[in-house]
>>> print(open('upload.pdb').read())   # PDB, C-alpha atoms
ATOM      1  CA  MET A   1    -109.523 -63.007 -64.713  1.00  0.00           C
ATOM      2  CA  LYS A   2    -110.487 -65.885 -62.420  1.00  0.00           C
ATOM      3  CA  ILE A   3    -110.242 -66.265 -58.603  1.00  0.00           C
ATOM      4  CA  GLU A   4    -110.921 -69.501 -56.789  1.00  0.00           C
ATOM      5  CA  SER A   5    -110.903 -69.964 -53.022  1.00  0.00           C
ATOM      6  CA  LYS A   6    -110.986 -73.301 -51.234  1.00  0.00           C
ATOM      7  CA  ASP A   7    -111.825 -72.937 -47.540  1.00  0.00           C
ATOM      8  CA  ASN A   8    -110.380 -76.321 -46.565  1.00  0.00           C
ATOM      9  CA  ASN A   9    -106.770 -75.371 -47.262  1.00  0.00           C
ATOM     10  CA  HIS A  10    -107.089 -71.592 -47.922  1.00  0.00           C
ATOM     11  CA  CYS A  11    -105.652 -72.064 -51.392  1.00  0.00           C
ATOM     12  CA  VAL A  12    -106.222 -69.186 -53.790  1.00  0.00           C
ATOM     13  CA  GLN A  13    -105.706 -69.435 -57.504  1.00  0.00           C
ATOM     14  CA  PHE A  14    -105.273 -66.124 -59.267  1.00  0.00           C
ATOM     15  CA  SER A  15    -105.562 -66.801 -63.006  1.00  0.00           C
ATOM     16  CA  ARG A  16    -105.419 -64.672 -66.090  1.00  0.00           C
ATOM     17  CA  LYS A  17    -106.161 -65.909 -69.604  1.00  0.00           C
ATOM     18  CA  LEU A  18    -103.133 -65.532 -71.840  1.00  0.00           C
ATOM     19  CA  SER A  19    -102.454 -66.748 -75.338  1.00  0.00           C
ATOM     20  CA  SER A  20    -100.305 -69.484 -73.858  1.00  0.00           C
ATOM     21  CA  GLY A  21    -102.997 -70.606 -71.421  1.00  0.00           C
ATOM     22  CA  TRP A  22    -103.713 -70.204 -67.679  1.00  0.00           C
ATOM     23  CA  ILE A  23    -101.133 -68.884 -65.175  1.00  0.00           C
ATOM     24  CA  LEU A  24    -101.528 -70.167 -61.632  1.00  0.00           C
ATOM     25  CA  ILE A  25    -100.320 -68.167 -58.582  1.00  0.00           C
ATOM     26  CA  ASP A  26    -100.389 -70.605 -55.695  1.00  0.00           C
ATOM     27  CA  ARG A  27    -100.561 -68.549 -52.475  1.00  0.00           C
ATOM     28  CA  CYS A  28    -102.369 -68.761 -49.147  1.00  0.00           C
ATOM     29  CA  GLY A  29    -105.648 -66.856 -49.286  1.00  0.00           C
ATOM     30  CA  LYS A  30    -105.635 -65.651 -45.685  1.00  0.00           C
ATOM     31  CA  HIS A  31    -104.598 -62.077 -46.530  1.00  0.00           C
ATOM     32  CA  PHE A  32    -105.579 -62.007 -50.200  1.00  0.00           C
ATOM     33  CA  GLY A  33    -108.703 -59.927 -49.581  1.00  0.00           C
ATOM     34  CA  ALA A  34    -106.653 -57.260 -47.787  1.00  0.00           C
ATOM     35  CA  ILE A  35    -104.110 -57.297 -50.635  1.00  0.00           C
ATOM     36  CA  LEU A  36    -106.909 -56.627 -53.137  1.00  0.00           C
ATOM     37  CA  ASN A  37    -108.270 -53.814 -50.947  1.00  0.00           C
ATOM     38  CA  PHE A  38    -104.847 -52.187 -50.863  1.00  0.00           C
ATOM     39  CA  LEU A  39    -104.616 -52.378 -54.656  1.00  0.00           C
ATOM     40  CA  ARG A  40    -108.070 -50.788 -54.911  1.00  0.00           C
ATOM     41  CA  ASP A  41    -107.815 -48.108 -52.238  1.00  0.00           C
ATOM     42  CA  GLY A  42    -104.086 -47.581 -51.680  1.00  0.00           C
ATOM     43  CA  ASN A  43    -104.307 -48.275 -47.929  1.00  0.00           C
ATOM     44  CA  VAL A  44    -105.318 -51.067 -45.589  1.00  0.00           C
ATOM     45  CA  SER A  45    -105.367 -51.648 -41.811  1.00  0.00           C
ATOM     46  CA  LEU A  46    -102.518 -53.882 -40.720  1.00  0.00           C
ATOM     47  CA  PRO A  47    -103.110 -56.715 -38.224  1.00  0.00           C
ATOM     48  CA  GLU A  48    -102.337 -56.268 -34.544  1.00  0.00           C
ATOM     49  CA  SER A  49     -99.992 -59.199 -33.974  1.00  0.00           C
ATOM     50  CA  SER A  50     -96.383 -59.260 -35.155  1.00  0.00           C
ATOM     51  CA  LYS A  51     -96.920 -62.749 -36.583  1.00  0.00           C
ATOM     52  CA  GLU A  52     -99.719 -61.628 -38.900  1.00  0.00           C
ATOM     53  CA  ILE A  53     -97.844 -58.468 -39.917  1.00  0.00           C
ATOM     54  CA  ALA A  54     -94.929 -60.700 -40.935  1.00  0.00           C
ATOM     55  CA  GLU A  55     -97.333 -62.815 -43.000  1.00  0.00           C
ATOM     56  CA  PHE A  56     -98.679 -59.626 -44.584  1.00  0.00           C
ATOM     57  CA  TYR A  57     -95.111 -58.583 -45.382  1.00  0.00           C
ATOM     58  CA  ALA A  58     -94.401 -61.899 -47.122  1.00  0.00           C
ATOM     59  CA  GLU A  59     -97.507 -61.486 -49.295  1.00  0.00           C
ATOM     60  CA  ALA A  60     -96.622 -57.881 -50.155  1.00  0.00           C
ATOM     61  CA  LYS A  61     -93.121 -58.970 -51.178  1.00  0.00           C
ATOM     62  CA  TYR A  62     -94.504 -61.805 -53.325  1.00  0.00           C
ATOM     63  CA  TYR A  63     -96.877 -59.490 -55.198  1.00  0.00           C
ATOM     64  CA  CYS A  64     -94.128 -56.797 -55.477  1.00  0.00           C
ATOM     65  CA  ILE A  65     -96.162 -54.164 -53.628  1.00  0.00           C
ATOM     66  CA  ALA A  66     -93.253 -52.090 -52.304  1.00  0.00           C
ATOM     67  CA  GLU A  67     -95.390 -49.493 -50.476  1.00  0.00           C
ATOM     68  CA  LEU A  68     -97.281 -52.123 -48.483  1.00  0.00           C
ATOM     69  CA  ALA A  69     -94.071 -54.030 -47.738  1.00  0.00           C
ATOM     70  CA  GLU A  70     -92.513 -50.831 -46.365  1.00  0.00           C
ATOM     71  CA  SER A  71     -95.540 -50.192 -44.149  1.00  0.00           C
ATOM     72  CA  CYS A  72     -95.218 -53.722 -42.772  1.00  0.00           C
ATOM     73  CA  THR A  73     -91.493 -53.218 -42.119  1.00  0.00           C
ATOM     74  CA  GLN A  74     -92.164 -50.000 -40.176  1.00  0.00           C
ATOM     75  CA  ALA A  75     -94.970 -51.613 -38.189  1.00  0.00           C
ATOM     76  CA  LEU A  76     -92.762 -54.561 -37.234  1.00  0.00           C
ATOM     77  CA  ALA A  77     -89.944 -52.226 -36.150  1.00  0.00           C
ATOM     78  CA  LYS A  78     -92.372 -50.211 -34.026  1.00  0.00           C
ATOM     79  CA  LYS A  79     -93.699 -53.398 -32.452  1.00  0.00           C
ATOM     80  CA  GLU A  80     -90.194 -54.544 -31.599  1.00  0.00           C
ATOM     81  CA  ARG A  81     -89.367 -51.221 -29.940  1.00  0.00           C
ATOM     82  CA  SER A  82     -92.599 -51.171 -27.950  1.00  0.00           C
ATOM     83  CA  ASP A  83     -92.003 -54.725 -26.720  1.00  0.00           C
ATOM     84  CA  HIS A  84     -88.803 -53.545 -25.034  1.00  0.00           C
ATOM     85  CA  ASP A  85     -90.091 -50.192 -23.752  1.00  0.00           C
ATOM     86  CA  PRO A  86     -90.899 -50.061 -20.030  1.00  0.00           C
ATOM     87  CA  ILE A  87     -94.617 -49.838 -19.357  1.00  0.00           C
ATOM     88  CA  CYS A  88     -94.225 -47.454 -16.422  1.00  0.00           C
ATOM     89  CA  LYS A  89     -91.808 -44.515 -16.693  1.00  0.00           C
ATOM     90  CA  VAL A  90     -91.211 -42.029 -13.864  1.00  0.00           C
ATOM     91  CA  PRO A  91     -88.876 -39.141 -14.788  1.00  0.00           C
ATOM     92  CA  LEU A  92     -86.507 -37.823 -12.126  1.00  0.00           C
ATOM     93  CA  ILE A  93     -86.545 -34.033 -12.183  1.00  0.00           C
ATOM     94  CA  THR A  94     -83.115 -32.454 -12.766  1.00  0.00           C
ATOM     95  CA  SER A  95     -84.145 -28.775 -12.889  1.00  0.00           C
ATOM     96  CA  GLN A  96     -87.103 -26.439 -12.482  1.00  0.00           C
ATOM     97  CA  LYS A  97     -87.068 -25.734 -16.214  1.00  0.00           C
ATOM     98  CA  GLU A  98     -87.273 -29.450 -17.030  1.00  0.00           C
ATOM     99  CA  GLU A  99     -90.201 -29.879 -14.629  1.00  0.00           C
ATOM    100  CA  GLU A 100     -92.126 -26.995 -16.210  1.00  0.00           C
ATOM    101  CA  LEU A 101     -91.450 -28.361 -19.699  1.00  0.00           C
ATOM    102  CA  LEU A 102     -92.648 -31.875 -18.816  1.00  0.00           C
ATOM    103  CA  ILE A 103     -95.830 -30.668 -17.143  1.00  0.00           C
ATOM    104  CA  SER A 104     -96.729 -28.140 -19.853  1.00  0.00           C
ATOM    105  CA  SER A 105     -96.064 -30.520 -22.748  1.00  0.00           C
ATOM    106  CA  THR A 106     -98.111 -33.503 -21.523  1.00  0.00           C
ATOM    107  CA  THR A 107    -101.814 -33.978 -22.202  1.00  0.00           C
ATOM    108  CA  LYS A 108    -102.159 -35.956 -18.967  1.00  0.00           C
ATOM    109  CA  PRO A 109    -102.668 -34.668 -15.436  1.00  0.00           C
ATOM    110  CA  ALA A 110     -99.459 -34.925 -13.389  1.00  0.00           C
ATOM    111  CA  ILE A 111     -98.451 -35.934  -9.875  1.00  0.00           C
ATOM    112  CA  LYS A 112     -95.075 -35.012  -8.428  1.00  0.00           C
ATOM    113  CA  LEU A 113     -93.552 -36.418  -5.270  1.00  0.00           C
ATOM    114  CA  LEU A 114     -90.911 -34.134  -3.808  1.00  0.00           C
ATOM    115  CA  ILE A 115     -88.887 -36.131  -1.324  1.00  0.00           C
ATOM    116  CA  ASN A 116     -85.542 -35.125   0.144  1.00  0.00           C
ATOM    117  CA  ARG A 117     -84.709 -36.372   3.624  1.00  0.00           C
ATOM    118  CA  HIS A 118     -81.650 -34.129   3.876  1.00  0.00           C
ATOM    119  CA  ASN A 119     -83.695 -30.899   3.853  1.00  0.00           C
ATOM    120  CA  ASN A 120     -84.357 -31.290   7.576  1.00  0.00           C
ATOM    121  CA  LYS A 121     -82.655 -29.051  10.121  1.00  0.00           C
ATOM    122  CA  TYR A 122     -84.076 -30.792  13.203  1.00  0.00           C
ATOM    123  CA  SER A 123     -84.060 -34.390  14.324  1.00  0.00           C
ATOM    124  CA  TYR A 124     -86.857 -36.629  13.075  1.00  0.00           C
ATOM    125  CA  THR A 125     -89.523 -38.210  15.234  1.00  0.00           C
ATOM    126  CA  THR A 126     -89.314 -41.973  15.683  1.00  0.00           C
ATOM    127  CA  THR A 127     -91.975 -42.757  13.068  1.00  0.00           C
ATOM    128  CA  SER A 128     -90.800 -40.301  10.415  1.00  0.00           C
ATOM    129  CA  ASP A 129     -88.436 -42.638   8.575  1.00  0.00           C
ATOM    130  CA  ASP A 130     -91.144 -45.294   8.262  1.00  0.00           C
ATOM    131  CA  ASN A 131     -93.596 -42.705   6.974  1.00  0.00           C
ATOM    132  CA  LEU A 132     -91.098 -41.464   4.404  1.00  0.00           C
ATOM    133  CA  LEU A 133     -90.851 -45.008   3.071  1.00  0.00           C
ATOM    134  CA  LYS A 134     -94.646 -45.311   3.078  1.00  0.00           C
ATOM    135  CA  ASN A 135     -94.924 -42.196   0.923  1.00  0.00           C
ATOM    136  CA  ILE A 136     -92.411 -43.613  -1.553  1.00  0.00           C
ATOM    137  CA  GLU A 137     -94.194 -46.981  -1.637  1.00  0.00           C
ATOM    138  CA  LEU A 138     -97.567 -45.293  -2.172  1.00  0.00           C
ATOM    139  CA  PHE A 139     -96.129 -43.203  -5.014  1.00  0.00           C
ATOM    140  CA  ASP A 140     -94.727 -46.339  -6.660  1.00  0.00           C
ATOM    141  CA  LYS A 141     -98.078 -48.123  -6.395  1.00  0.00           C
ATOM    142  CA  LEU A 142    -100.009 -45.202  -7.862  1.00  0.00           C
ATOM    143  CA  SER A 143     -97.551 -44.874 -10.733  1.00  0.00           C
ATOM    144  CA  LEU A 144     -98.045 -48.564 -11.564  1.00  0.00           C
ATOM    145  CA  TRP A 145    -101.828 -48.282 -11.420  1.00  0.00           C
ATOM    146  CA  TYR A 146    -102.257 -44.998 -13.298  1.00  0.00           C
ATOM    147  CA  SER A 147     -99.146 -44.598 -15.463  1.00  0.00           C
ATOM    148  CA  ASN A 148    -101.248 -44.754 -18.639  1.00  0.00           C
ATOM    149  CA  ARG A 149    -103.494 -41.923 -17.398  1.00  0.00           C
ATOM    150  CA  VAL A 150    -101.241 -39.714 -15.257  1.00  0.00           C
ATOM    151  CA  LEU A 151     -97.695 -38.366 -15.654  1.00  0.00           C
ATOM    152  CA  PHE A 152     -95.734 -39.190 -12.477  1.00  0.00           C
ATOM    153  CA  LEU A 153     -92.639 -37.184 -11.573  1.00  0.00           C
ATOM    154  CA  LYS A 154     -90.159 -37.573  -8.730  1.00  0.00           C
ATOM    155  CA  ASP A 155     -88.089 -34.695  -7.365  1.00  0.00           C
ATOM    156  CA  VAL A 156     -85.178 -35.670  -5.109  1.00  0.00           C
ATOM    157  CA  ILE A 157     -83.019 -32.533  -5.485  1.00  0.00           C
ATOM    158  CA  SER A 158     -85.337 -29.710  -4.440  1.00  0.00           C
ATOM    159  CA  THR A 159     -84.495 -27.992  -1.171  1.00  0.00           C
ATOM    160  CA  SER A 160     -87.928 -26.497  -0.472  1.00  0.00           C
ATOM    161  CA  GLU A 161     -89.581 -29.445   1.283  1.00  0.00           C
ATOM    162  CA  ILE A 162     -88.877 -32.827   2.857  1.00  0.00           C
ATOM    163  CA  CYS A 163     -91.930 -34.723   1.622  1.00  0.00           C
ATOM    164  CA  CYS A 164     -94.638 -33.122  -0.454  1.00  0.00           C
ATOM    165  CA  TRP A 165     -97.127 -34.268  -3.122  1.00  0.00           C
ATOM    166  CA  VAL A 166     -98.075 -31.792  -5.843  1.00  0.00           C
ATOM    167  CA  PHE A 167    -100.982 -32.344  -8.257  1.00  0.00           C
ATOM    168  CA  TYR A 168    -101.241 -30.675 -11.683  1.00  0.00           C
ATOM    169  CA  GLY A 169    -104.086 -30.425 -14.172  1.00  0.00           C
ATOM    170  CA  HIS A 170    -103.954 -28.836 -17.643  1.00  0.00           C
ATOM    171  CA  GLY A 171    -100.381 -27.727 -16.960  1.00  0.00           C
ATOM    172  CA  LYS A 172    -101.221 -25.850 -13.746  1.00  0.00           C
ATOM    173  CA  LYS A 173    -100.849 -26.663 -10.068  1.00  0.00           C
ATOM    174  CA  VAL A 174    -104.188 -27.745  -8.600  1.00  0.00           C
ATOM    175  CA  SER A 175    -103.324 -28.807  -5.060  1.00  0.00           C
ATOM    176  CA  GLU A 176    -100.615 -30.171  -2.816  1.00  0.00           C
ATOM    177  CA  VAL A 177    -100.276 -32.346   0.246  1.00  0.00           C
ATOM    178  CA  CYS A 178     -97.350 -31.469   2.488  1.00  0.00           C
ATOM    179  CA  CYS A 179     -96.506 -34.369   4.762  1.00  0.00           C
ATOM    180  CA  THR A 180     -94.161 -32.642   7.237  1.00  0.00           C
ATOM    181  CA  SER A 181     -94.726 -30.531  10.326  1.00  0.00           C
ATOM    182  CA  ILE A 182     -92.751 -29.250  13.293  1.00  0.00           C
ATOM    183  CA  VAL A 183     -93.556 -30.688  16.722  1.00  0.00           C
ATOM    184  CA  TYR A 184     -92.222 -29.716  20.150  1.00  0.00           C
ATOM    185  CA  ALA A 185     -90.772 -32.163  22.674  1.00  0.00           C
ATOM    186  CA  THR A 186     -89.517 -30.633  25.937  1.00  0.00           C
ATOM    187  CA  ASP A 187     -87.040 -27.952  24.808  1.00  0.00           C
ATOM    188  CA  LYS A 188     -86.381 -29.320  21.315  1.00  0.00           C
ATOM    189  CA  LYS A 189     -88.088 -29.135  17.958  1.00  0.00           C
ATOM    190  CA  HIS A 190     -88.547 -32.239  15.865  1.00  0.00           C
ATOM    191  CA  THR A 191     -89.620 -32.789  12.286  1.00  0.00           C
ATOM    192  CA  LYS A 192     -92.577 -35.074  11.922  1.00  0.00           C
ATOM    193  CA  VAL A 193     -93.295 -36.853   8.628  1.00  0.00           C
ATOM    194  CA  GLU A 194     -96.717 -38.383   8.054  1.00  0.00           C
ATOM    195  CA  CYS A 195     -98.315 -40.399   5.275  1.00  0.00           C
ATOM    196  CA  PRO A 196    -101.944 -39.207   4.860  1.00  0.00           C
ATOM    197  CA  GLU A 197    -102.975 -42.000   2.491  1.00  0.00           C
ATOM    198  CA  ALA A 198    -106.681 -41.128   2.396  1.00  0.00           C
ATOM    199  CA  ARG A 199    -105.948 -37.526   1.434  1.00  0.00           C
ATOM    200  CA  ILE A 200    -103.449 -38.581  -1.254  1.00  0.00           C
ATOM    201  CA  TYR A 201    -105.923 -41.078  -2.738  1.00  0.00           C
ATOM    202  CA  GLU A 202    -108.581 -38.360  -2.760  1.00  0.00           C
ATOM    203  CA  GLU A 203    -106.355 -35.879  -4.583  1.00  0.00           C
ATOM    204  CA  THR A 204    -105.304 -38.559  -7.074  1.00  0.00           C
ATOM    205  CA  LEU A 205    -108.938 -39.253  -7.942  1.00  0.00           C
ATOM    206  CA  ASN A 206    -109.620 -35.512  -8.183  1.00  0.00           C
ATOM    207  CA  ILE A 207    -106.748 -35.039 -10.610  1.00  0.00           C
ATOM    208  CA  LEU A 208    -108.287 -37.597 -12.967  1.00  0.00           C
ATOM    209  CA  LEU A 209    -110.985 -34.987 -13.648  1.00  0.00           C
ATOM    210  CA  TYR A 210    -108.352 -33.190 -15.711  1.00  0.00           C
ATOM    211  CA  GLU A 211    -107.852 -36.041 -18.173  1.00  0.00           C
ATOM    212  CA  ASN A 212    -110.296 -34.311 -20.508  1.00  0.00           C
ATOM    213  CA  ARG A 213    -108.761 -31.324 -22.268  1.00  0.00           C
ATOM    214  CA  ASN A 214    -111.959 -29.381 -21.541  1.00  0.00           C
ATOM    215  CA  ALA A 215    -112.143 -27.830 -18.102  1.00  0.00           C
ATOM    216  CA  PRO A 216    -113.843 -29.976 -15.425  1.00  0.00           C
ATOM    217  CA  ASP A 217    -117.318 -29.119 -14.200  1.00  0.00           C
ATOM    218  CA  GLN A 218    -117.237 -25.987 -12.031  1.00  0.00           C
ATOM    219  CA  GLU A 219    -118.774 -27.733  -9.020  1.00  0.00           C
ATOM    220  CA  LEU A 220    -116.132 -30.445  -9.215  1.00  0.00           C
ATOM    221  CA  MET A 221    -113.462 -27.754  -9.519  1.00  0.00           C
ATOM    222  CA  GLN A 222    -114.738 -26.083  -6.335  1.00  0.00           C
ATOM    223  CA  VAL A 223    -114.709 -29.372  -4.444  1.00  0.00           C
ATOM    224  CA  THR A 224    -111.139 -30.003  -5.555  1.00  0.00           C
ATOM    225  CA  THR A 225    -110.051 -26.481  -4.615  1.00  0.00           C
ATOM    226  CA  ARG A 226    -111.683 -26.631  -1.185  1.00  0.00           C
ATOM    227  CA  GLY A 227    -109.979 -29.952  -0.539  1.00  0.00           C
ATOM    228  CA  ALA A 228    -106.633 -28.516  -1.583  1.00  0.00           C
ATOM    229  CA  VAL A 229    -106.988 -25.464   0.677  1.00  0.00           C
ATOM    230  CA  SER A 230    -108.018 -27.511   3.703  1.00  0.00           C
ATOM    231  CA  GLY A 231    -105.211 -29.994   3.144  1.00  0.00           C
ATOM    232  CA  MET A 232    -102.576 -27.330   2.667  1.00  0.00           C
ATOM    233  CA  SER A 233    -103.608 -25.556   5.826  1.00  0.00           C
ATOM    234  CA  SER A 234    -103.301 -28.757   7.855  1.00  0.00           C
ATOM    235  CA  TYR A 235     -99.522 -28.738   7.560  1.00  0.00           C
ATOM    236  CA  THR A 236     -97.430 -25.619   8.159  1.00  0.00           C
ATOM    237  CA  SER A 237     -93.804 -24.834   7.626  1.00  0.00           C
ATOM    238  CA  ASP A 238     -91.396 -24.066  10.446  1.00  0.00           C
ATOM    239  CA  GLU A 239     -91.569 -20.293   9.859  1.00  0.00           C
ATOM    240  CA  GLU A 240     -95.379 -20.293   9.813  1.00  0.00           C
ATOM    241  CA  GLU A 241     -95.455 -22.338  13.034  1.00  0.00           C
ATOM    242  CA  GLU A 242     -93.160 -19.893  14.805  1.00  0.00           C
ATOM    243  CA  ARG A 243     -95.067 -16.860  13.485  1.00  0.00           C
ATOM    244  CA  SER A 244     -98.418 -18.218  14.635  1.00  0.00           C
ATOM    245  CA  GLY A 245     -96.921 -19.028  18.057  1.00  0.00           C
ATOM    246  CA  LEU A 246     -95.625 -15.466  18.464  1.00  0.00           C
ATOM    247  CA  ASP A 247     -98.999 -14.055  17.445  1.00  0.00           C
ATOM    248  CA  ARG A 248    -100.723 -16.148  20.091  1.00  0.00           C
ATOM    249  CA  LEU A 249     -98.257 -14.982  22.766  1.00  0.00           C
ATOM    250  CA  ARG A 250     -98.776 -11.327  21.830  1.00  0.00           C
ATOM    251  CA  SER A 251    -102.553 -11.799  21.905  1.00  0.00           C
ATOM    252  CA  ASN A 252    -102.473 -13.461  25.338  1.00  0.00           C
ATOM    253  CA  LYS A 253    -100.204 -10.729  26.709  1.00  0.00           C
ATOM    254  CA  SER A 254    -102.510  -7.991  25.435  1.00  0.00           C
ATOM    255  CA  ASN A 255    -105.557  -9.677  26.983  1.00  0.00           C
ATOM    256  CA  ASN A 256    -103.801 -10.018  30.345  1.00  0.00           C
ATOM    257  CA  GLN A 257    -102.782  -6.360  30.379  1.00  0.00           C
ATOM    258  CA  ALA A 258    -106.297  -5.292  29.506  1.00  0.00           C
TER     259      ALA A 258
END
>>> encode(input="upload.pdb", output="structure tokens")
Amino acid sequence: MKIESKDNNHCVQFSRKLSSGWILIDRCGKHFGAILNFLRDGNVSLPESSKEIAEFYAEAKYYCIAELAESCTQALAKKERSDHDPICKVPLITSQKEEELLISSTTKPAIKLLINRHNNKYSYTTTSDDNLLKNIELFDKLSLWYSNRVLFLKDVISTSEICCWVFYGHGKKVSEVCCTSIVYATDKKHTKVECPEARIYEETLNILLYENRNAPDQELMQVTTRGAVSGMSSYTSDEEEERSGLDRLRSNKSNNQA
């Protein structure tokens, strides 16, 4: 058996001495080493580019190595599919069951934006519509930046909130940022929507601690939890606002009577 390689034109001659003389196989030597490794070991790492995989496939077909040719075919098909797949995917939640399944099945931390303008029963303040759009724009930006590290979900059908961010780690809710509150103007109540960008950025960075399947450091967990509690208490629902107002009135009345 004789192998000759000429670097100037990558020509490889694979020769075997027969009774009739030498047999010459005139092929490019670029992938010949990998072909030999496959014949020795039964496996080989395929190139990254589609062009080189196609070259590999041509060599495998020439040498009648069906298993390697099939591996090249599958790799090319996978490449073609991935070339057309969107880089950033944001599922729209259709049910509570679907949301739970998506969050529990992913290995990534998750961020959900619940946004439904029609959940309001009062009129909006003048800046609320702009702030709703700012929340959507911020969500879109974050999903573009971190889509490979975080699962982003959008909920537009829930009736529990108007605008709320929820952060999940290891399949469990870690914190939330509710962006709505009730404000009073003369004799009317209005719904106010805000966009607390700094707080949302902070919670997004905190949720990256959950990328590792092991639990985050306990001190970091406590920081995250304290931030979540303080943020959640900054915004109250309509019922909580009314309840706290009644409690204050009762307290003032009792103090005056005393």
>>> resolve_selection(input="upload.pdb", expression="the PyMOL selection byres ((chain A and resi 208) around 9)", output="VMD selection string")
chain A and resid 108 to 109 149 to 150 169 203 to 207 209 to 212
>>> closest_residue(input="upload.pdb", among="A:Ser45, A:Thr180, A:Thr106, A:Ser95", to="Leu151 in chain A", atoms="all atoms listed in the file")
A:Thr106
>>> closest_residue(input="upload.pdb", among="A:Ile200, A:Ala58, A:Ser128, A:Leu133", to="Ser181 in chain A", atoms="all atoms listed in the file")
A:Ser128
>>> closest_residue(input="upload.pdb", among="A:Asn148, A:Asn116, A:Asn135, A:Thr73", to="Cys195 in chain A", atoms="all atoms listed in the file")
A:Asn135
>>> atom_distance(input="upload.pdb", atom1="CA of Glu80 in chain A", atom2="CA of Phe32 in chain A")
25.3 Å
>>> resolve_selection(input="upload.pdb", expression="the PyMOL selection byres ((chain A and resi 190) around 8)", output="mmCIF file with C-alpha atoms, in the coordinates of the input")
data_model
loop_
_atom_site.group_PDB
_atom_site.id
_atom_site.type_symbol
_atom_site.label_atom_id
_atom_site.label_comp_id
_atom_site.auth_asym_id
_atom_site.auth_seq_id
_atom_site.Cartn_x
_atom_site.Cartn_y
_atom_site.Cartn_z
ATOM 1 C CA TYR A 122 -84.076 -30.792 13.203
ATOM 2 C CA SER A 123 -84.060 -34.390 14.324
ATOM 3 C CA TYR A 124 -86.857 -36.629 13.075
ATOM 4 C CA THR A 125 -89.523 -38.210 15.234
ATOM 5 C CA ILE A 182 -92.751 -29.250 13.293
ATOM 6 C CA VAL A 183 -93.556 -30.688 16.722
ATOM 7 C CA TYR A 184 -92.222 -29.716 20.150
ATOM 8 C CA ALA A 185 -90.772 -32.163 22.674
ATOM 9 C CA LYS A 188 -86.381 -29.320 21.315
ATOM 10 C CA LYS A 189 -88.088 -29.135 17.958
ATOM 11 C CA THR A 191 -89.620 -32.789 12.286
ATOM 12 C CA LYS A 192 -92.577 -35.074 11.922
#
>>> closest_residue(input="upload.pdb", among="A:Cys163, A:Cys178, A:Leu36, A:Cys64", to="Lys134 in chain A", atoms="only C-alpha atoms")
A:Cys163
>>> resolve_selection(input="upload.pdb", expression="the PyMOL selection byres ((chain A and resi 177) around 6)", output="list in words")
Cys164, Trp165, Glu176 and Cys178 of chain A
>>> residues_around(input="upload.pdb", residues="Leu132 in chain A", least_positions_apart="4", cutoff="9 Å", atoms="all atoms listed in the file", output="PDB file with C-alpha atoms, keeping the file's coordinate frame")
ATOM      1  CA  ILE A 115     -88.887 -36.131  -1.324  1.00  0.00           C
ATOM      2  CA  ARG A 117     -84.709 -36.372   3.624  1.00  0.00           C
ATOM      3  CA  THR A 127     -91.975 -42.757  13.068  1.00  0.00           C
ATOM      4  CA  SER A 128     -90.800 -40.301  10.415  1.00  0.00           C
ATOM      5  CA  ILE A 136     -92.411 -43.613  -1.553  1.00  0.00           C
ATOM      6  CA  GLU A 137     -94.194 -46.981  -1.637  1.00  0.00           C
ATOM      7  CA  CYS A 163     -91.930 -34.723   1.622  1.00  0.00           C
ATOM      8  CA  CYS A 179     -96.506 -34.369   4.762  1.00  0.00           C
ATOM      9  CA  VAL A 193     -93.295 -36.853   8.628  1.00  0.00           C
ATOM     10  CA  GLU A 194     -96.717 -38.383   8.054  1.00  0.00           C
ATOM     11  CA  CYS A 195     -98.315 -40.399   5.275  1.00  0.00           C
TER      12      CYS A 195
END
>>> closest_residue(input="upload.pdb", among="A:Leu153, A:Leu68, A:Ile53, A:Ala60", to="Leu113 in chain A", atoms="all atoms listed in the file")
A:Leu153
>>> atom_distance(input="upload.pdb", atom1="CA of Tyr146 in chain A", atom2="CA of Tyr201 in chain A")
11.8 Å
>>> atom_distance(input="upload.pdb", atom1="CA of Leu92 in chain A", atom2="CA of Ala198 in chain A")
25.1 Å
>>> closest_residue(input="upload.pdb", among="A:Asp187, A:Asp155, A:Glu55, A:Glu67", to="Asn43 in chain A", atoms="all atoms listed in the file")
A:Glu67
